[in-house]
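J.: Supplied structure: input_31.csv, CSV, C-alpha atoms.
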chain,number,residue,atom,x,y,z
A,1,MET,CA,109.0,134.1,111.8
A,2,GLU,CA,106.2,135.6,109.7
A,3,MET,CA,106.0,138.6,111.9
A,4,TYR,CA,109.8,139.1,111.6
A,5,VAL,CA,109.5,139.0,107.8
A,6,LEU,CA,106.7,141.5,107.9
A,7,GLU,CA,108.6,143.9,110.2
A,8,ARG,CA,111.7,143.6,108.0
A,9,ARG,CA,109.6,144.4,105.0
A,10,LEU,CA,108.0,147.4,106.7
A,11,GLU,CA,111.5,148.7,107.6
A,12,LEU,CA,112.4,148.5,103.9
A,13,ILE,CA,109.2,150.3,102.9
A,14,ASP,CA,110.0,153.0,105.4
A,15,GLU,CA,113.5,153.4,103.9
A,16,VAL,CA,111.9,153.9,100.5
A,17,CYS,CA,109.4,156.4,101.9
A,18,GLN,CA,112.3,158.4,103.4
A,19,ALA,CA,114.1,158.5,100.1
A,20,SER,CA,111.2,159.4,97.7
A,21,MET,CA,108.2,161.6,97.6
A,22,LYS,CA,106.6,159.5,94.9
A,23,PRO,CA,103.4,157.6,95.6
A,24,ILE,CA,104.1,154.1,96.8
A,25,ILE,CA,101.8,151.1,96.1
A,26,VAL,CA,102.6,148.0,98.2
A,27,ASP,CA,101.8,144.4,97.1
A,28,GLY,CA,100.1,142.8,100.1
A,29,ASP,CA,99.8,139.3,98.5
A,30,THR,CA,96.5,137.9,99.9
A,31,GLY,CA,96.6,140.1,103.0
A,32,GLY,CA,97.0,137.2,105.4
A,33,GLU,CA,94.6,136.8,108.3
A,34,THR,CA,92.1,139.6,108.8
A,35,THR,CA,93.7,140.9,111.9
A,36,SER,CA,97.1,140.8,110.3
A,37,PHE,CA,95.8,142.8,107.3
A,38,GLU,CA,94.3,145.4,109.6
A,39,TYR,CA,97.7,145.8,111.2
A,40,LEU,CA,99.5,146.0,107.9
A,41,CYS,CA,97.2,148.7,106.6
A,42,THR,CA,97.5,150.9,109.7
A,43,ARG,CA,101.3,150.5,109.6
A,44,LEU,CA,101.5,151.4,105.9
A,45,GLU,CA,99.2,154.3,106.4
A,46,SER,CA,101.4,155.7,109.2
A,47,LEU,CA,104.5,155.3,107.0
A,48,GLY,CA,102.9,157.4,104.3
A,49,VAL,CA,102.3,154.7,101.7
A,50,SER,CA,99.6,155.6,99.2
A,51,ALA,CA,98.0,152.2,98.7
A,52,VAL,CA,98.1,148.4,99.2
A,53,VAL,CA,96.9,145.7,96.8
A,54,ILE,CA,95.7,142.3,98.0
A,55,GLU,CA,94.5,139.5,95.8
A,56,ASP,CA,91.5,137.2,96.3
A,57,LYS,CA,93.4,133.9,96.3
A,58,GLN,CA,93.5,131.4,99.1
A,59,HIS,CA,96.7,130.9,101.1
A,60,PRO,CA,99.2,129.5,100.1
A,61,LYS,CA,99.0,131.5,96.8
A,62,ARG,CA,100.8,130.7,93.7
A,63,ASN,CA,102.3,133.2,91.2
A,64,SER,CA,99.6,134.3,88.9
A,65,LEU,CA,101.7,133.8,85.8
A,66,SER,CA,102.6,130.2,86.6
A,67,LEU,CA,101.2,127.9,84.0
A,68,ASP,CA,101.6,124.8,86.2
A,69,SER,CA,99.9,126.0,89.3
A,70,ARG,CA,96.3,125.7,90.4
A,71,HIS,CA,94.8,129.0,91.5
A,72,VAL,CA,92.2,128.7,94.3
A,73,LEU,CA,90.1,131.8,94.9
A,74,GLU,CA,88.9,133.0,98.2
A,75,GLU,CA,85.1,133.1,99.0
A,76,PRO,CA,84.2,136.6,97.9
A,77,ASN,CA,82.2,137.6,100.9
A,78,ALA,CA,85.0,136.5,103.2
A,79,PHE,CA,87.5,138.5,101.2
A,80,GLY,CA,85.2,141.5,101.3
A,81,ALA,CA,84.9,141.2,105.1
A,82,LYS,CA,88.7,141.4,105.3
A,83,ILE,CA,88.7,144.6,103.3
A,84,ARG,CA,85.8,146.1,105.4
A,85,ARG,CA,87.7,145.4,108.6
A,86,ALA,CA,90.9,147.0,107.3
A,87,ARG,CA,89.0,150.0,105.9
A,88,SER,CA,87.4,150.6,109.3
A,89,ALA,CA,90.8,150.6,111.0
A,90,LEU,CA,92.2,153.4,108.8
A,91,LEU,CA,92.6,156.9,110.3
A,92,SER,CA,92.3,158.9,107.1
A,93,ASP,CA,91.0,159.0,103.5
A,94,THR,CA,94.5,159.2,102.0
A,95,PHE,CA,95.4,155.5,102.1
A,96,MET,CA,93.7,153.3,99.5
A,97,ILE,CA,93.0,149.5,99.5
A,98,PHE,CA,92.8,147.9,96.0
A,99,ALA,CA,91.2,144.5,95.5
A,100,ARG,CA,93.1,142.4,93.0
A,101,LEU,CA,90.8,140.2,91.0
A,102,GLU,CA,92.2,136.8,90.1
A,103,SER,CA,89.1,135.4,88.3
A,104,LEU,CA,90.8,135.5,84.8
A,105,ILE,CA,94.0,134.0,86.2
A,106,ALA,CA,92.0,131.1,87.7
A,107,GLY,CA,90.2,130.4,84.4
A,108,ARG,CA,86.9,132.0,85.3
A,109,THR,CA,84.9,134.5,83.4
A,110,VAL,CA,84.7,138.3,83.2
A,111,ASP,CA,81.3,137.9,84.8
A,112,ASP,CA,82.9,136.3,87.8
A,113,ALA,CA,85.4,139.2,88.0
A,114,LEU,CA,82.7,141.8,87.8
A,115,GLU,CA,80.6,140.1,90.5
A,116,ARG,CA,83.6,139.9,92.8
A,117,ALA,CA,84.4,143.6,92.1
A,118,GLU,CA,80.9,144.6,93.2
A,119,ILE,CA,81.2,142.7,96.5
A,120,TYR,CA,84.7,144.1,97.2
A,121,LEU,CA,83.6,147.7,96.5
A,122,ARG,CA,80.6,147.4,98.7
A,123,ASN,CA,82.9,146.3,101.5
A,124,GLY,CA,85.1,149.4,101.1
A,125,ALA,CA,87.7,148.7,98.5
A,126,HIS,CA,88.8,152.0,97.0
A,127,GLY,CA,89.5,150.4,93.6
A,128,VAL,CA,90.4,147.2,91.8
A,129,MET,CA,93.2,145.6,90.0
A,130,ILE,CA,92.2,143.3,87.1
A,131,HIS,CA,94.8,140.6,86.3
A,132,SER,CA,95.1,138.3,83.3
A,133,LYS,CA,97.7,136.2,81.6
A,134,SER,CA,96.1,136.4,78.2
A,135,LYS,CA,98.3,137.4,75.3
A,136,ASP,CA,95.9,139.9,73.6
A,137,GLY,CA,94.3,141.5,76.6
A,138,ASP,CA,90.8,141.3,75.2
A,139,ASP,CA,89.4,140.0,78.5
A,140,ILE,CA,90.9,143.1,80.3
A,141,ILE,CA,89.4,145.5,77.8
A,142,GLU,CA,86.0,143.7,78.2
A,143,PHE,CA,86.2,144.0,82.0
A,144,ILE,CA,87.1,147.7,82.0
A,145,THR,CA,84.4,148.5,79.5
A,146,ARG,CA,81.7,146.7,81.4
A,147,PHE,CA,82.9,148.0,84.7
A,148,ARG,CA,82.7,151.6,83.5
A,149,SER,CA,79.3,150.9,81.8
A,150,ALA,CA,77.9,149.8,85.1
A,151,GLY,CA,78.6,153.3,86.4
A,152,HIS,CA,81.7,152.6,88.5
A,153,LYS,CA,84.2,155.5,88.8
A,154,GLU,CA,86.6,153.8,91.1
A,155,PRO,CA,90.2,153.5,89.8
A,156,ILE,CA,91.3,150.4,87.9
A,157,ILE,CA,94.9,149.1,87.9
A,158,CYS,CA,96.2,147.0,85.0
A,159,VAL,CA,99.4,144.9,84.8
A,160,PRO,CA,100.1,144.2,81.1
A,161,THR,CA,103.0,141.7,81.6
A,162,THR,CA,101.6,139.1,79.1
A,163,TYR,CA,99.4,141.3,77.0
A,164,ASN,CA,102.3,143.8,76.5
A,165,LYS,CA,101.5,144.8,72.9
A,166,ILE,CA,98.8,147.1,74.3
A,167,ARG,CA,100.1,150.6,75.1
A,168,ALA,CA,99.3,152.2,78.4
A,169,GLN,CA,97.5,155.0,76.5
A,170,ASP,CA,95.1,152.5,75.0
A,171,LEU,CA,94.3,151.1,78.4
A,172,PHE,CA,93.8,154.6,79.7
A,173,GLU,CA,91.4,155.5,76.9
A,174,HIS,CA,89.3,152.4,77.7
A,175,GLY,CA,89.0,153.5,81.3
A,176,ALA,CA,92.1,152.2,83.3
A,177,ASN,CA,93.8,154.6,85.7
A,178,ILE,CA,97.1,153.0,86.6
A,179,VAL,CA,99.3,150.7,84.6
A,180,ILE,CA,102.1,148.8,86.4
A,181,HIS,CA,105.0,147.1,84.5
A,182,ALA,CA,105.5,144.8,87.4
A,183,ASN,CA,108.7,142.9,87.0
A,184,HIS,CA,110.8,144.5,84.2
A,185,MET,CA,113.3,146.2,86.4
A,186,LEU,CA,114.0,142.9,88.3
A,187,ARG,CA,114.3,141.0,85.0
A,188,ALA,CA,116.6,143.7,83.5
A,189,SER,CA,118.8,143.6,86.6
A,190,HIS,CA,119.0,139.8,86.5
A,191,PHE,CA,120.0,139.9,82.8
A,192,ALA,CA,122.6,142.6,83.3
A,193,MET,CA,124.2,141.0,86.3
A,194,LYS,CA,124.5,137.6,84.5
A,195,LYS,CA,126.2,139.4,81.6
A,196,VAL,CA,128.6,141.3,83.9
A,197,CYS,CA,129.5,138.2,85.9
A,198,LYS,CA,130.2,136.3,82.8
A,199,ARG,CA,132.6,138.9,81.5
A,200,ILE,CA,134.5,139.0,84.8
A,201,LEU,CA,134.8,135.3,85.0
A,202,GLU,CA,135.9,135.0,81.3
A,203,ASN,CA,138.6,137.7,81.6
A,204,ASP,CA,139.6,137.2,85.2
A,205,ARG,CA,139.2,141.0,85.8
A,206,SER,CA,136.4,143.6,85.6
A,207,PHE,CA,137.9,145.9,82.9
A,208,GLU,CA,135.9,144.3,80.1
A,209,ALA,CA,132.7,144.8,82.1
A,210,ASP,CA,133.1,148.6,82.6
A,211,GLY,CA,131.3,149.4,79.3
A,212,ILE,CA,128.1,147.7,80.5
A,213,CYS,CA,128.0,149.1,84.0
A,214,SER,CA,127.1,152.5,85.3
A,215,SER,CA,130.1,154.4,86.5
A,216,VAL,CA,130.9,155.0,90.1
A,217,GLY,CA,130.4,158.7,89.5
A,218,ASP,CA,126.9,158.1,88.2
A,219,ILE,CA,126.0,156.1,91.4
A,220,PHE,CA,127.5,158.8,93.6
A,221,SER,CA,125.4,161.4,91.8
A,222,LEU,CA,122.2,159.3,92.0
A,223,VAL,CA,122.3,158.7,95.7
A,224,GLY,CA,123.0,162.4,96.5
A,225,TYR,CA,126.7,162.1,97.5
A,226,ASP,CA,127.8,164.8,95.0
A,227,ALA,CA,125.1,167.1,96.3
A,228,ALA,CA,126.1,166.5,99.9
A,229,LEU,CA,129.7,167.4,99.0
A,230,ALA,CA,128.6,170.6,97.3
A,231,ARG,CA,126.6,171.6,100.3
A,232,GLU,CA,129.5,170.9,102.6
A,233,LYS,CA,131.8,173.0,100.4
A,234,GLN,CA,129.3,175.8,100.3
A,235,SER,CA,129.0,175.7,104.1
A,236,THR,CA,132.8,175.7,104.5
A,237,ASP,CA,133.2,178.7,102.1
A,238,ALA,CA,130.6,180.7,103.9
Can you dump the structure from the file as structure tokens?
T.:
Amino acid sequence: MEMYVLERRLELIDEVCQASMKPIIVDGDTGGETTSFEYLCTRLESLGVSAVVIEDKQHPKRNSLSLDSRHVLEEPNAFGAKIRRARSALLSDTFMIFARLESLIAGRTVDDALERAEIYLRNGAHGVMIHSKSKDGDDIIEFITRFRSAGHKEPIICVPTTYNKIRAQDLFEHGANIVIHANHMLRASHFAMKKVCKRILENDRSFEADGICSSVGDIFSLVGYDAALAREKQSTDA
């Protein structure tokens, strides 16, 4: 069953790769077993994905923003070995492996996160993602500052879901390289769909929901249907 889910996910990623030339970063959760992670990385590399991020929590992992869950971290050298094995299986230097540091999520210190970062980088990680559920992001700024002060030039990813008063530019100025707003499109879609469904149910028709939906024409244009019709007409006229 797990292999079926993985293959279905790879099919979806392939579809995204076919539709966009933008860099794609895949969330690899904990990476699974070492052999499975090697396989995942080689498949993602062959699809043209830019990077994968795996977090140093033990399976079964819990969502990092859950306040009621206990977050158990992987032994750092074991996690580093998983990265090293996957790195050695890559065929090029264009695919990147990011180690996601969950020390701050698990209630540990910035020191712990920095120590883990050192181990993961020595084992071949191309960069790190530092995660936190603090509201002010002070621990994130401390990590970035100390990471850069130690001489590390590897890229850092930040995910300011909870410390969202900090602007991306501020994180960049401190030394971050990538800022991911991780779940806002999903949350926005959920909010909008609830609103549309409510209007349809209340009015027994969709007319009242038109004003809060994209038009059919907008969707046709977005997916390239209009452009395809234009090309067809041009070919016919010629």
J.: Separation of CA of Ala192 (chain A) and CA of Ile157 (chain A), in Å?
T.: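 Separating CA of Ala192 (chain A) from CA of Ile157 (chain A) is a distance of 28.8 Å.
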J.: With all atoms listed in the file as the counted atoms, please give the residues lying no more than 12 Å from Arg148 (chain A), apart from itself and same-chain residues fewer than 2 positions off, as a list in words.
T.: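 Final neighbour list, sorted by chain and number: Leu114, Ala117, Ile141, Glu142, Phe143, Ile144, Thr145, Arg146, Ala150, Gly151, His152, Lys153, Glu154, Pro155, Ile156, Glu173, His174, Gly175, Ala176 and Asn177 of chain A.
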J.: Calculate how many Å separate CA of Asp111 (chain A) from CA of Phe147 (chain A), rounding to one decimal.
T.: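 That distance, rounded to one decimal, is 10.2 Å.
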J.: Grab the CA of Met96 (chain A) to CA of Val72 (chain A) distance for me, in Å with one decimal place.
T.: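 According to the coordinates, CA of Met96 (chain A) and CA of Val72 (chain A) are separated by 25.2 Å.
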J.: Of the candidates A:Ala19, A:Met3, A:Ile97, A:Ile119, which shows the shortest atom-to-atom distance to Ala81 (chain A), using all atoms listed in the file?
T.: A:Ile119
J.: For a quick check of your reading of the model, name the residues lying within 12 Å of the coordinate (98.6, 132.0, 101.9), counting only C-alpha atoms, and write them as an MDAnalysis selection string.
T.: chainID A and resid 2 28:33 54:63 71:74
J.: Leaving out Glu11 (chain A) and any residue of its chain fewer than 6 positions from it, which residues lie within 12 Å of it when counting only C-alpha atoms, given as an NGL selection string?
T.: :A and (4-5 or 17-18 or 43-44 or 47)
J.: Measuring atom to atom with only C-alpha atoms, identify which of A:Asn123, A:Thr34, A:Asp112, A:Met129 is nearest to Lys82 (chain A).
T.: A:Thr34
J.: Counting all atoms listed in the file, which of A:Ala113, A:Gly217, A:Val196, A:Lys165 gets nearest to Asp139 (chain A)?
T.: A:Ala113
J.: Please identify all polymer residues within 9 Å of Cys41 (chain A), counting only C-alpha atoms, omitting same-chain residues fewer than 5 positions from it, and present them as a list of chain:residue names.
T.: A:Ser36, A:Ser46, A:Ala51, A:Val52, A:Ala86, A:Arg87, A:Ala89, A:Leu90, A:Phe95, A:Ile97
J.: Suppose we keep C-alpha atoms; can you now write the selection as a compact mmCIF listing (two decimals), in the coordinates of the input?
T.:
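Below is the file again25.txt, written as the result:
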# COMPACT_ATOMS: atom_id res chain seq x y z
CA SER A 36 97.10 140.80 110.30
CA SER A 46 101.40 155.70 109.20
CA ALA A 51 98.00 152.20 98.70
CA VAL A 52 98.10 148.40 99.20
CA ALA A 86 90.90 147.00 107.30
CA ARG A 87 89.00 150.00 105.90
CA ALA A 89 90.80 150.60 111.00
CA LEU A 90 92.20 153.40 108.80
CA PHE A 95 95.40 155.50 102.10
CA ILE A 97 93.00 149.50 99.50
